[in-house]
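So this block is upload.txt, compact mmCIF, C-alpha atoms and all ligand atoms:
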# COMPACT_ATOMS: atom_id res chain seq x y z
CA MET A 1 92.91 107.67 77.55
CA LYS A 2 89.59 108.57 79.08
CA VAL A 3 90.56 110.45 82.24
CA LEU A 4 88.36 111.16 85.26
CA ILE A 5 89.27 114.34 87.13
CA THR A 6 87.69 114.64 90.56
CA GLY A 7 87.46 118.30 91.54
CA GLY A 8 88.01 119.05 87.86
CA ALA A 9 85.97 122.28 87.96
CA GLY A 10 88.53 123.79 90.35
CA PHE A 11 91.59 125.87 89.61
CA ILE A 12 94.12 123.15 88.78
CA GLY A 13 91.43 120.85 87.35
CA THR A 14 90.29 123.38 84.74
CA HIS A 15 93.83 123.91 83.47
CA THR A 16 94.56 120.18 83.53
CA THR A 17 91.37 119.47 81.59
CA ALA A 18 92.50 121.84 78.83
CA ALA A 19 96.00 120.31 78.77
CA LEU A 20 94.64 116.75 78.58
CA LEU A 21 92.23 117.61 75.78
CA ALA A 22 95.06 119.32 73.90
CA ALA A 23 97.15 116.15 74.29
CA GLY A 24 94.36 114.09 72.70
CA HIS A 25 92.79 112.54 75.78
CA GLU A 26 89.11 112.55 76.78
CA VAL A 27 88.06 114.06 80.09
CA ARG A 28 85.19 113.48 82.50
CA ILE A 29 84.83 115.72 85.55
CA LEU A 30 83.23 114.82 88.86
CA ASP A 31 82.73 117.92 91.02
CA ARG A 32 80.23 119.03 93.62
CA LEU A 33 80.78 122.73 92.78
CA ASP A 34 81.48 123.67 96.35
CA PRO A 35 80.05 127.18 97.07
CA GLN A 36 83.21 128.38 98.88
CA ILE A 37 85.08 128.03 95.59
CA HIS A 38 82.37 128.53 92.98
CA GLY A 39 80.13 131.02 94.81
CA ALA A 40 76.49 130.62 95.74
CA GLY A 41 74.45 129.08 92.95
CA SER A 42 77.34 126.74 92.16
CA ARG A 43 77.53 127.03 88.38
CA TRP A 44 80.12 125.25 86.22
CA PRO A 45 82.93 127.75 85.57
CA ALA A 46 82.78 129.43 82.14
CA ARG A 47 86.48 128.68 81.68
CA LEU A 48 85.93 124.93 81.73
CA PRO A 49 86.43 123.53 78.20
CA LYS A 50 83.09 122.56 76.60
CA ARG A 51 84.45 119.23 75.37
CA ALA A 52 84.84 117.88 78.91
CA GLU A 53 82.00 115.71 80.21
CA ARG A 54 80.54 117.13 83.43
CA MET A 55 79.11 115.13 86.30
CA LEU A 56 77.73 116.89 89.35
CA GLY A 57 78.54 114.64 92.30
CA ASP A 58 80.50 114.07 95.45
CA VAL A 59 83.65 111.99 95.97
CA ARG A 60 82.28 110.97 99.37
CA GLU A 61 79.22 109.37 97.75
CA PRO A 62 79.84 105.76 96.58
CA SER A 63 77.11 105.80 93.91
CA ASP A 64 78.44 109.07 92.39
CA VAL A 65 81.96 107.68 92.32
CA ALA A 66 80.94 104.35 90.79
CA ARG A 67 79.03 106.16 88.03
CA ALA A 68 81.97 108.50 87.39
CA LEU A 69 84.41 105.58 87.01
CA GLU A 70 82.44 103.83 84.26
CA GLY A 71 84.60 103.45 81.13
CA ILE A 72 87.52 105.37 82.69
CA ASP A 73 91.20 104.47 82.02
CA ALA A 74 92.99 106.86 84.39
CA VAL A 75 92.15 109.16 87.30
CA CYS A 76 93.40 112.53 88.57
CA HIS A 77 92.21 112.96 92.15
CA PHE A 78 92.00 116.69 92.92
CA ALA A 79 88.74 117.07 94.88
CA ALA A 80 89.67 118.47 98.27
CA PHE A 81 89.33 121.33 100.72
CA THR A 82 92.55 123.29 100.46
CA GLY A 83 92.74 126.11 103.05
CA VAL A 84 95.63 125.61 105.47
CA GLY A 85 94.41 128.22 107.98
CA GLN A 86 90.76 127.14 107.73
CA SER A 87 91.71 123.49 108.19
CA MET A 88 93.03 124.34 111.66
CA TYR A 89 89.47 124.80 112.99
CA ASP A 90 87.24 122.97 110.45
CA TRP A 91 88.61 119.54 111.31
CA ALA A 92 85.71 117.28 110.52
CA SER A 93 84.89 118.63 107.07
CA TYR A 94 88.55 118.59 106.00
CA VAL A 95 89.02 115.00 107.14
CA ALA A 96 85.69 113.89 105.64
CA THR A 97 86.38 115.47 102.24
CA ASN A 98 90.09 114.84 101.88
CA VAL A 99 90.56 111.53 103.68
CA GLY A 100 87.01 110.13 103.45
CA GLY A 101 86.68 111.16 99.80
CA THR A 102 89.96 109.45 98.91
CA ALA A 103 88.95 106.25 100.72
CA CYS A 104 85.59 106.22 98.93
CA LEU A 105 87.26 106.69 95.54
CA LEU A 106 89.94 104.03 96.13
CA GLU A 107 87.35 101.52 97.36
CA ALA A 108 85.28 102.04 94.23
CA ILE A 109 88.37 101.55 92.04
CA VAL A 110 89.28 98.33 93.84
CA LYS A 111 85.74 97.02 93.56
CA ARG A 112 85.20 97.85 89.93
CA GLY A 113 87.64 95.10 88.94
CA ARG A 114 89.00 96.62 85.72
CA PRO A 115 92.54 97.94 86.37
CA LEU A 116 93.39 101.61 85.85
CA ARG A 117 96.33 102.69 83.71
CA ARG A 118 97.30 105.45 86.17
CA PHE A 119 96.03 107.23 89.29
CA VAL A 120 97.49 110.66 89.98
CA LEU A 121 97.07 112.11 93.47
CA ALA A 122 97.31 115.86 94.02
CA SER A 123 99.34 115.99 97.20
CA SER A 124 101.10 118.99 98.67
CA ARG A 125 104.33 120.35 100.04
CA ALA A 126 102.26 120.73 103.25
CA ILE A 127 103.08 117.10 104.09
CA TYR A 128 106.70 118.12 104.84
CA GLY A 129 105.79 120.70 107.47
CA GLU A 130 108.97 122.75 107.58
CA GLY A 131 111.12 121.96 104.59
CA ALA A 132 114.74 120.80 104.64
CA HIS A 133 117.16 123.25 106.25
CA ALA A 134 120.92 123.48 106.70
CA CYS A 135 122.55 123.89 110.11
CA ALA A 136 126.12 125.22 110.29
CA ALA A 137 126.99 122.41 112.72
CA HIS A 138 124.71 119.53 111.75
CA GLY A 139 124.29 119.75 108.00
CA GLU A 140 120.83 119.03 106.59
CA VAL A 141 118.13 118.97 109.27
CA HIS A 142 114.33 118.87 109.38
CA PRO A 143 113.09 121.42 111.94
CA GLY A 144 110.03 120.55 114.00
CA PRO A 145 107.19 122.88 114.91
CA ARG A 146 108.14 126.32 116.17
CA GLU A 147 106.97 127.01 119.73
CA ARG A 148 104.19 129.54 120.09
CA GLU A 149 106.18 131.25 122.87
CA ALA A 150 109.06 131.84 120.50
CA LEU A 151 106.73 133.26 117.85
CA GLU A 152 105.19 135.55 120.48
CA ARG A 153 108.68 136.84 121.28
CA GLY A 154 109.04 137.72 117.61
CA ASP A 155 111.46 134.84 117.01
CA PHE A 156 110.16 133.43 113.71
CA GLU A 157 113.27 131.40 112.83
CA ALA A 158 113.20 127.69 112.12
CA ARG A 159 115.76 126.08 114.43
CA CYS A 160 118.02 123.04 114.32
CA PRO A 161 116.43 120.20 116.31
CA SER A 162 119.89 119.24 117.69
CA CYS A 163 121.49 122.54 118.66
CA GLY A 164 118.77 125.18 118.39
CA ARG A 165 120.71 127.35 115.93
CA ALA A 166 118.66 129.32 113.38
CA VAL A 167 118.77 127.42 110.09
CA LYS A 168 118.32 128.32 106.42
CA ALA A 169 116.03 126.54 103.98
CA VAL A 170 117.65 124.33 101.34
CA PRO A 171 115.83 122.42 98.57
CA THR A 172 113.48 119.77 99.98
CA ASN A 173 113.59 116.43 98.24
CA GLU A 174 110.91 113.75 98.25
CA ASP A 175 112.68 111.52 100.76
CA LEU A 176 112.28 113.99 103.61
CA GLY A 177 109.79 112.31 105.94
CA ALA A 178 106.23 113.55 106.27
CA ALA A 179 105.88 115.86 109.28
CA PRO A 180 102.80 117.99 108.60
CA LEU A 181 102.14 120.97 110.87
CA SER A 182 98.59 121.82 109.75
CA LEU A 183 95.44 119.74 109.68
CA TYR A 184 95.38 120.21 105.90
CA GLY A 185 98.90 118.76 105.73
CA HIS A 186 97.78 115.79 107.83
CA THR A 187 94.90 115.07 105.45
CA LYS A 188 97.27 115.21 102.46
CA ALA A 189 99.72 112.84 104.18
CA GLN A 190 96.82 110.47 104.88
CA GLN A 191 95.72 110.63 101.24
CA GLU A 192 99.25 109.57 100.30
CA ASP A 193 99.22 106.72 102.84
CA LEU A 194 95.92 105.39 101.48
CA CYS A 195 97.22 105.57 97.91
CA ARG A 196 100.45 103.75 98.77
CA LEU A 197 98.43 101.08 100.55
CA ALA A 198 96.27 100.63 97.44
CA ALA A 199 99.46 100.43 95.34
CA ARG A 200 100.99 97.75 97.59
CA THR A 201 97.84 95.74 98.10
CA PHE A 202 96.14 95.92 94.71
CA GLY A 203 98.93 97.13 92.42
CA LEU A 204 97.13 100.44 91.79
CA PRO A 205 99.58 102.43 89.60
CA VAL A 206 99.63 105.55 91.79
CA THR A 207 101.76 108.60 91.08
CA ILE A 208 101.90 111.17 93.87
CA LEU A 209 102.50 114.80 92.92
CA ARG A 210 103.37 117.24 95.69
CA TYR A 211 102.52 120.66 94.35
CA PHE A 212 104.15 123.68 95.93
CA ASN A 213 102.32 127.07 95.88
CA VAL A 214 100.32 127.04 92.67
CA TYR A 215 99.13 130.34 91.17
CA GLY A 216 97.74 131.61 87.87
CA SER A 217 94.56 132.57 86.04
CA GLY A 218 91.38 130.97 87.33
CA GLN A 219 92.40 130.73 90.98
CA SER A 220 89.26 131.62 92.93
CA LEU A 221 89.06 135.33 93.74
CA LYS A 222 86.06 134.58 95.94
CA ASN A 223 87.78 132.18 98.34
CA PRO A 224 89.62 134.11 101.09
CA TYR A 225 90.98 130.93 102.65
CA THR A 226 93.53 129.86 100.11
CA GLY A 227 95.65 131.06 97.20
CA ILE A 228 98.03 133.75 98.42
CA VAL A 229 98.35 135.40 94.99
CA SER A 230 94.57 135.70 94.64
CA ILE A 231 94.18 136.98 98.20
CA PHE A 232 96.92 139.58 97.78
CA TYR A 233 95.49 140.67 94.45
CA SER A 234 92.02 141.20 95.95
CA ARG A 235 93.60 143.39 98.63
CA LEU A 236 95.60 145.43 96.10
CA LYS A 237 92.55 145.93 93.90
CA ALA A 238 90.46 147.06 96.89
CA GLY A 239 93.21 149.56 97.80
CA GLN A 240 93.77 147.76 101.10
CA PRO A 241 97.12 147.06 102.77
CA ILE A 242 98.60 143.57 102.70
CA ALA A 243 99.09 142.17 106.19
CA LEU A 244 102.49 140.57 106.53
CA TYR A 245 102.66 137.53 108.76
CA GLU A 246 106.06 136.87 110.31
CA ARG A 247 107.24 140.19 108.81
CA GLY A 248 106.74 138.79 105.29
CA LEU A 249 109.90 136.69 105.59
CA PRO A 250 108.56 133.13 105.15
CA GLY A 251 109.86 131.47 102.00
CA ARG A 252 107.67 129.67 99.47
CA ASP A 253 108.04 128.12 96.03
CA PHE A 254 105.57 129.53 93.50
CA VAL A 255 104.78 127.41 90.49
CA HIS A 256 102.48 128.48 87.67
CA VAL A 257 99.36 126.44 87.01
CA ALA A 258 100.30 125.90 83.34
CA ASP A 259 103.40 124.08 84.55
CA VAL A 260 101.35 122.08 87.04
CA ALA A 261 98.87 121.05 84.33
CA ARG A 262 101.77 119.85 82.18
CA ALA A 263 103.19 117.88 85.12
CA ASN A 264 99.80 116.19 85.52
CA VAL A 265 99.72 115.13 81.88
CA LEU A 266 103.29 113.80 82.10
CA ALA A 267 102.44 111.89 85.27
CA LEU A 268 99.39 110.32 83.62
CA GLU A 269 101.42 109.22 80.63
CA SER A 270 104.57 108.03 82.48
CA GLU A 271 105.09 104.50 83.75
CA VAL A 272 106.97 105.08 86.98
CA PRO A 273 106.90 102.54 89.84
CA ALA A 274 103.58 102.63 91.72
CA GLY A 275 103.71 104.92 94.74
CA THR A 276 106.49 107.21 93.49
CA ALA A 277 106.20 110.78 94.79
CA PHE A 278 107.38 113.89 92.92
CA ASN A 279 107.77 117.52 93.93
CA VAL A 280 106.13 119.89 91.47
CA GLY A 281 107.69 123.27 92.11
CA SER A 282 109.89 125.89 90.51
CA GLY A 283 112.86 125.05 92.72
CA ARG A 284 113.16 128.75 93.66
CA GLU A 285 112.53 130.27 97.08
CA LEU A 286 110.79 133.61 97.30
CA THR A 287 109.70 135.51 100.41
CA VAL A 288 106.03 136.32 100.78
CA ARG A 289 106.90 140.01 100.82
CA GLY A 290 108.89 139.59 97.60
CA LEU A 291 105.90 137.91 96.02
CA ALA A 292 103.58 140.78 97.00
CA GLU A 293 106.00 143.32 95.51
CA SER A 294 106.33 141.40 92.24
CA LEU A 295 102.56 140.99 92.03
CA ALA A 296 102.01 144.72 92.52
CA VAL A 297 104.42 145.43 89.66
CA ALA A 298 102.71 142.89 87.40
CA ALA A 299 99.27 144.29 88.24
CA GLY A 300 100.36 147.93 88.01
CA LEU A 301 98.86 148.62 91.44
CA PRO A 302 100.48 150.36 94.41
CA VAL A 303 101.25 148.18 97.41
CA ARG A 304 101.05 149.07 101.09
CA PHE A 305 102.07 146.69 103.83
CA GLU A 306 100.79 146.34 107.35
CA ASP A 307 103.31 144.69 109.68
CA ARG A 308 101.99 144.06 113.16
CA GLY A 309 104.31 141.16 113.93
CA GLU A 310 101.42 138.76 113.44
CA PHE A 311 101.66 135.05 112.72
CA ARG A 312 99.22 132.24 111.96
CA VAL A 313 99.36 129.02 113.93
CA GLY A 314 99.97 126.11 111.53
CA ASP A 315 102.08 128.12 109.07
CA ILE A 316 105.59 127.03 108.27
CA ARG A 317 108.65 129.21 107.90
CA SER A 318 110.06 127.99 104.59
CA CYS A 319 109.93 125.22 102.06
CA PHE A 320 110.97 125.04 98.43
CA ALA A 321 111.30 122.15 96.03
CA ASP A 322 114.21 120.04 94.97
CA ALA A 323 112.98 119.58 91.40
CA ALA A 324 115.54 116.96 90.33
CA ARG A 325 113.42 113.79 90.56
CA ALA A 326 110.56 115.17 88.47
CA ARG A 327 113.09 116.29 85.88
CA ALA A 328 114.86 112.92 85.77
CA LEU A 329 111.84 110.57 85.84
CA LEU A 330 108.97 112.60 84.39
CA GLY A 331 110.93 114.95 82.16
CA PHE A 332 109.21 117.84 83.94
CA ARG A 333 110.74 121.24 84.55
CA ALA A 334 108.80 124.40 85.49
CA GLU A 335 109.13 126.82 82.58
CA VAL A 336 106.97 129.83 83.39
CA SER A 337 108.97 132.69 84.95
CA LEU A 338 107.55 134.42 88.01
CA GLU A 339 107.21 137.72 86.13
CA GLY A 340 105.50 136.06 83.16
CA GLY A 341 103.25 133.99 85.39
CA LEU A 342 102.16 136.96 87.50
CA ARG A 343 101.43 138.97 84.34
CA GLU A 344 99.24 136.14 83.05
CA PHE A 345 97.42 136.09 86.39
CA ALA A 346 96.99 139.89 86.58
CA LEU A 347 95.72 140.13 83.01
CA TRP A 348 93.02 137.61 83.80
CA ALA A 349 92.17 138.96 87.26
CA ARG A 350 91.69 142.51 85.99
CA GLY A 351 88.54 141.49 84.13
CA GLU A 352 87.12 139.39 86.97
CA PRO A 353 84.81 140.46 89.78
CA SER A 354 86.78 140.07 92.98
CA ALA A 355 85.51 140.18 96.51
CA ASP A 356 87.83 141.22 99.30
CA LEU A 357 86.56 138.76 101.91
CA TYR A 358 89.94 138.64 103.59
CA GLN A 359 88.78 140.30 106.80
CA ARG A 360 86.27 137.52 107.40
CA SER A 361 88.98 134.86 107.26
CA VAL A 362 91.11 136.89 109.68
CA GLU A 363 88.23 137.20 112.13
CA GLU A 364 87.71 133.44 112.04
CA LEU A 365 91.38 132.84 112.83
CA GLN A 366 91.15 135.33 115.70
CA ARG A 367 88.02 133.73 117.08
CA HIS A 368 89.80 130.37 117.21
CA GLY A 369 92.99 131.74 118.77
CA LEU A 370 95.01 130.98 115.65
CA LEU A 371 96.28 134.48 114.93
CA GLY A 372 99.11 135.49 117.25
CA ALA A 373 101.27 138.57 117.45
CA ALA A 374 104.83 139.11 118.55
CA GLY A 375 104.77 141.11 121.77
CA ALA A 376 101.22 139.98 122.54
CA ALA A 377 102.39 138.00 125.59
CA GLU A 378 104.23 141.03 127.00
CA ASN A 379 101.24 143.26 126.29
CA ALA A 380 98.87 140.84 128.03
CA LYS A 381 101.19 140.57 131.04
CA ALA A 382 101.52 144.33 131.23
CA ALA A 383 97.73 144.71 131.00
CA ALA A 384 97.18 142.13 133.77
CA HIS A 385 99.78 143.92 135.91
CA ALA A 386 98.17 147.31 135.40
CA HIS A 387 94.81 145.78 136.33
CA ALA A 388 96.18 144.30 139.58
N1 LIG B 401 96.42 125.33 94.67
C1 LIG B 401 97.51 124.95 95.31
O1 LIG B 401 98.42 125.77 95.56
C2 LIG B 401 97.71 123.51 95.70
C3 LIG B 401 98.94 123.16 96.30
C4 LIG B 401 99.13 121.83 96.69
C5 LIG B 401 98.13 120.90 96.46
N2 LIG B 401 96.95 121.27 95.90
C6 LIG B 401 95.92 120.24 95.71
O2 LIG B 401 95.48 120.25 94.37
C7 LIG B 401 94.11 119.88 94.31
C8 LIG B 401 93.32 120.90 93.51
O3 LIG B 401 93.48 122.17 94.14
P1 LIG B 401 92.84 123.51 93.52
O4 LIG B 401 93.77 124.61 93.89
O5 LIG B 401 92.46 123.28 92.12
O6 LIG B 401 91.56 123.64 94.46
P2 LIG B 401 90.09 124.19 94.08
O7 LIG B 401 89.46 124.48 95.40
O8 LIG B 401 90.14 125.26 93.07
O9 LIG B 401 89.38 122.92 93.42
C9 LIG B 401 88.91 121.84 94.17
C10 LIG B 401 87.64 121.34 93.49
O10 LIG B 401 87.17 120.21 94.22
C11 LIG B 401 85.77 120.31 94.31
N3 LIG B 401 85.32 119.52 95.47
C12 LIG B 401 85.50 119.82 96.79
N4 LIG B 401 84.95 118.86 97.55
C13 LIG B 401 84.42 117.94 96.71
C14 LIG B 401 83.71 116.72 96.89
N5 LIG B 401 83.45 116.25 98.13
N6 LIG B 401 83.32 116.03 95.81
C15 LIG B 401 83.57 116.50 94.55
N7 LIG B 401 84.22 117.66 94.32
C16 LIG B 401 84.65 118.36 95.38
C17 LIG B 401 85.47 121.78 94.43
O11 LIG B 401 84.14 122.10 94.06
C18 LIG B 401 86.50 122.38 93.50
O12 LIG B 401 85.98 122.53 92.18
C19 LIG B 401 93.65 119.72 95.75
O13 LIG B 401 93.66 118.36 96.10
C20 LIG B 401 94.68 120.48 96.54
O14 LIG B 401 94.81 119.96 97.86
C21 LIG B 401 96.72 122.56 95.52
ZN ZN B 402 122.50 122.13 114.59
Would you encode the structure as structure tokens?
Amino acid sequence: MKVLITGGAGFIGTHTTAALLAAGHEVRILDRLDPQIHGAGSRWPARLPKRAERMLGDVREPSDVARALEGIDAVCHFAAFTGVGQSMYDWASYVATNVGGTACLLEAIVKRGRPLRRFVLASSRAIYGEGAHACAAHGEVHPGPREREALERGDFEARCPSCGRAVKAVPTNEDLGAAPLSLYGHTKAQQEDLCRLAARTFGLPVTILRYFNVYGSGQSLKNPYTGIVSIFYSRLKAGQPIALYERGLPGRDFVHVADVARANVLALESEVPAGTAFNVGSGRELTVRGLAESLAVAAGLPVRFEDRGEFRVGDIRSCFADAARARALLGFRAEVSLEGGLREFALWARGEPSADLYQRSVEELQRHGLLGAAGAAENAKAAAHAHA
């Protein structure tokens, strides 16, 4: 097949391009080389396979998209803004790129007349908000947003919506309803809605992949807004402490980009019913602190933590994948171990220039009131009292 990858110059796109070429497909990339990801000057990444056709253009621009779709059999739609924290204050650009870009692309596909063999959407675990949890009294539950007041008291637990008990994460399967808690998550849920509408209305053979936390070589070391492994690595390399939000206890599911690229190829080649959604994760839960410790070992760098009881508004407590559907219907199973995957990342990152721009992203969160701290309410009250 001749496959168009939007956002193909990015982290997952580069790996997917290589995997598709290796599987005998042809690849065309449409990418605007966004400076936040590619740096000023916006050059095509050196890692991008030479055999892929490159088109500089924007998914929000109908003429670019129409040109990119010429002669194409299947599409991977990856172009997006991906920072959860950043999305909480940059509303318009996230909606324009993620939702507007998807609408523009789908409209062009509908209008071009010739049917596609497959359309793969890169969605995210962010659409679930909090993942599935188990309550001792109520079985499987889906916790809603945690109250800021509770977080400011240092209570970071997800709680049962019926009885308020603290609950533990269990594997999240694809049938859990969408309940995003960040603007980024909302844009991903809307991308899914638009794709399902195109599937229902025009029979577009859409496959939705919900990636969990993807990591591996090639993840931007210049972008302080996304990619926890890259951000932590830049801190370690700069000899700086890693700030733990929520005491480092939130649970995530880390999946290596080589596995994700393979899932993309399988999704492009599989004939599943239009609109089917799949988790793409390892199926294992790891705390953020545990990840930082494993990364430090893999990188051979000492780790220091800074725990000020801070939290970010829009973050979730825990979510990890139920990987059964992808295994049953796509024949996909994550194969890269965490240790092996982190070694692959560290080996690559060692030779790369990295910029520790983390502080800037923290200052932006602070400026927008999106970085809280346990005890902050008490401190503020005490300060007001002392003042009076
Ligand atoms: N990395 C993860 O952990 C993760 C997890 C879940 C979902 N996803 C999704 O996977 C996809 C790819 O993510 P990634 O990690 O490779 O991100 P990335 O930032 O590395 O790549 C995104 C690419 O899209 C391009 N782009 C941005 N806006 C564009 C526009 N308007 N027109 C054309 N190109 C544009 C950028 O230049 C970049 O090359 C995204 O849709 C993201 O939401 C990623
Ligand atoms: Zn309960």
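Restricting the calculation to all atoms listed in the file, the smallest distance between A:Gly314 and any of A:Ser182, A:Ser124, A:Ser63, A:Thr226 is found for A:Ser182.
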Show me a table, sorted first by chain and then by increasing residue number, of the residues of chain A having an atom at most 9 Å from ligand ZN 402 (chain B), each with its shortest atom pair and the distance in Å to one decimal, counting all atoms listed in the file and written as a tab-separated table.
residue	atom	partner	partner_atom	distance
A:Ala134	CA	B:ZN402	ZN	8.2
A:Cys135	CA	B:ZN402	ZN	4.8
A:Ala136	CA	B:ZN402	ZN	6.4
A:Ala137	CA	B:ZN402	ZN	4.9
A:His138	CA	B:ZN402	ZN	4.4
A:Gly139	CA	B:ZN402	ZN	7.2
A:Glu140	CA	B:ZN402	ZN	8.7
A:Val141	CA	B:ZN402	ZN	7.6
A:Arg159	CA	B:ZN402	ZN	7.8
A:Cys160	CA	B:ZN402	ZN	4.6
A:Pro161	CA	B:ZN402	ZN	6.6
A:Ser162	CA	B:ZN402	ZN	5.0
A:Cys163	CA	B:ZN402	ZN	4.2
A:Gly164	CA	B:ZN402	ZN	6.1
A:Arg165	CA	B:ZN402	ZN	5.7
A:Ala166	CA	B:ZN402	ZN	8.2
A:Val167	CA	B:ZN402	ZN	7.9
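Checking A:Ala199, A:Ile231, A:Ala126, A:Val95 one by one against A:Asp356, counting all atoms listed in the file, you find the shortest gap at A:Ile231.
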Give me the residues of stretch 176-293 of chain A that have any atom at most 12 Å from an atom of stretch 324-329 of chain A; for each, the nearest atom pair and the distance in Å, rounded to one decimal. Use all atoms listed in the file, sort by chain and number, and format it as a Markdown table.
| residue | atom | partner | partner_atom | distance |
| --- | --- | --- | --- | --- |
| A:Thr207 | CA | A:Ala326 | CA | 11.3 |
| A:Ile208 | CA | A:Ala326 | CA | 11.0 |
| A:Leu209 | CA | A:Ala326 | CA | 9.2 |
| A:Arg210 | CA | A:Ala326 | CA | 10.4 |
| A:Tyr211 | CA | A:Ala326 | CA | 11.4 |
| A:Val260 | CA | A:Ala326 | CA | 11.6 |
| A:Arg262 | CA | A:Ala326 | CA | 11.8 |
| A:Ala263 | CA | A:Ala326 | CA | 8.5 |
| A:Asn264 | CA | A:Ala326 | CA | 11.2 |
| A:Leu266 | CA | A:Ala326 | CA | 9.8 |
| A:Ala267 | CA | A:Ala326 | CA | 9.3 |
| A:Glu269 | CA | A:Leu329 | CA | 11.7 |
| A:Ser270 | CA | A:Leu329 | CA | 8.4 |
| A:Glu271 | CA | A:Leu329 | CA | 9.3 |
| A:Val272 | CA | A:Leu329 | CA | 7.4 |
| A:Pro273 | CA | A:Leu329 | CA | 10.2 |
| A:Thr276 | CA | A:Leu329 | CA | 9.9 |
| A:Ala277 | CA | A:Ala326 | CA | 8.8 |
| A:Phe278 | CA | A:Ala326 | CA | 5.6 |
| A:Asn279 | CA | A:Ala326 | CA | 6.6 |
| A:Val280 | CA | A:Ala326 | CA | 7.1 |
| A:Gly281 | CA | A:Ala326 | CA | 9.3 |
| A:Ser282 | CA | A:Ala324 | CA | 10.6 |
| A:Gly283 | CA | A:Ala324 | CA | 8.9 |
inquiry  = For a test of reading the model, state the distance in Å between atom CA of A:Phe212 and atom CA of A:Phe320, rounded to one decimal.
reply    = 7.4 Å
query = Would you name the residues within 7 Å of ligand LIG 401 (chain B), counting only C-alpha atoms and all ligand atoms, and put them as a ChimeraX atom specification?
reply = /A:6-13,30-34,37-38,57-60,77-82,97,101,122-125,210-215,219-220,227
ask   = Any idea what's packed within 12 Å of A:Ala23, counting only C-alpha atoms, ignoring anything in its chain fewer than 2 positions away? Could you give it as a PyMOL selection string?
value = chain A and resi 1-3+16-21+25-27+261-262+264-266+268-269
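With only C-alpha atoms as the basis for measurement, A:Ala298 is the residue among A:Leu194, A:Ala103, A:Ala298, A:Ile127 that approaches A:Arg350 most closely.
For A:Glu152, the non-local neighbours within 9 Å, defined as residues at least 2 positions apart in the same chain or in other chains and counting only C-alpha atoms, are Glu147, Arg148, Glu149, Ala150, Gly154, Asp155, Phe156, Gly309, Glu310, Phe311, Gly372, Ala373, Ala374, Gly375, Ala376, Ala377 and Glu378 of chain A.
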Go ahead and fit an axis-aligned box to every listed atom of stretch 91-104 of chain A plus 6 Å each side, and pass me the centre and edge lengths in Å, one decimal, as AutoDock Vina command-line options.
--center_x 87.7 --center_y 112.9 --center_z 105.1 --size_x 17.7 --size_y 25.3 --size_z 24.4
At a cut-off of 9 Å, using all atoms listed in the file, what residues contact A:Arg304? Leave out same-chain residues fewer than 5 positions from it and give the result as a PDB file with C-alpha atoms, in the frame of the given file.
ATOM      1  CA  LEU A 236      95.600 145.430  96.100  1.00  0.00           C
ATOM      2  CA  GLY A 239      93.210 149.560  97.800  1.00  0.00           C
ATOM      3  CA  GLN A 240      93.770 147.760 101.100  1.00  0.00           C
ATOM      4  CA  PRO A 241      97.120 147.060 102.770  1.00  0.00           C
ATOM      5  CA  ILE A 242      98.600 143.570 102.700  1.00  0.00           C
ATOM      6  CA  ALA A 243      99.090 142.170 106.190  1.00  0.00           C
TER       7      ALA A 243
END
Selection: 12 Å around A:Lys237, only C-alpha atoms, excl. self and same-chain fewer than 2 positions, as a VMD selection string = chain A and resid 221 230 to 235 239 to 242 295 to 296 299 to 304 346 349 to 356
message = With distances taken over all atoms listed in the file, which residue among A:Glu335, A:Glu130, A:Asp73, A:Asp193 lies nearest A:Ala258?
response = A:Glu335
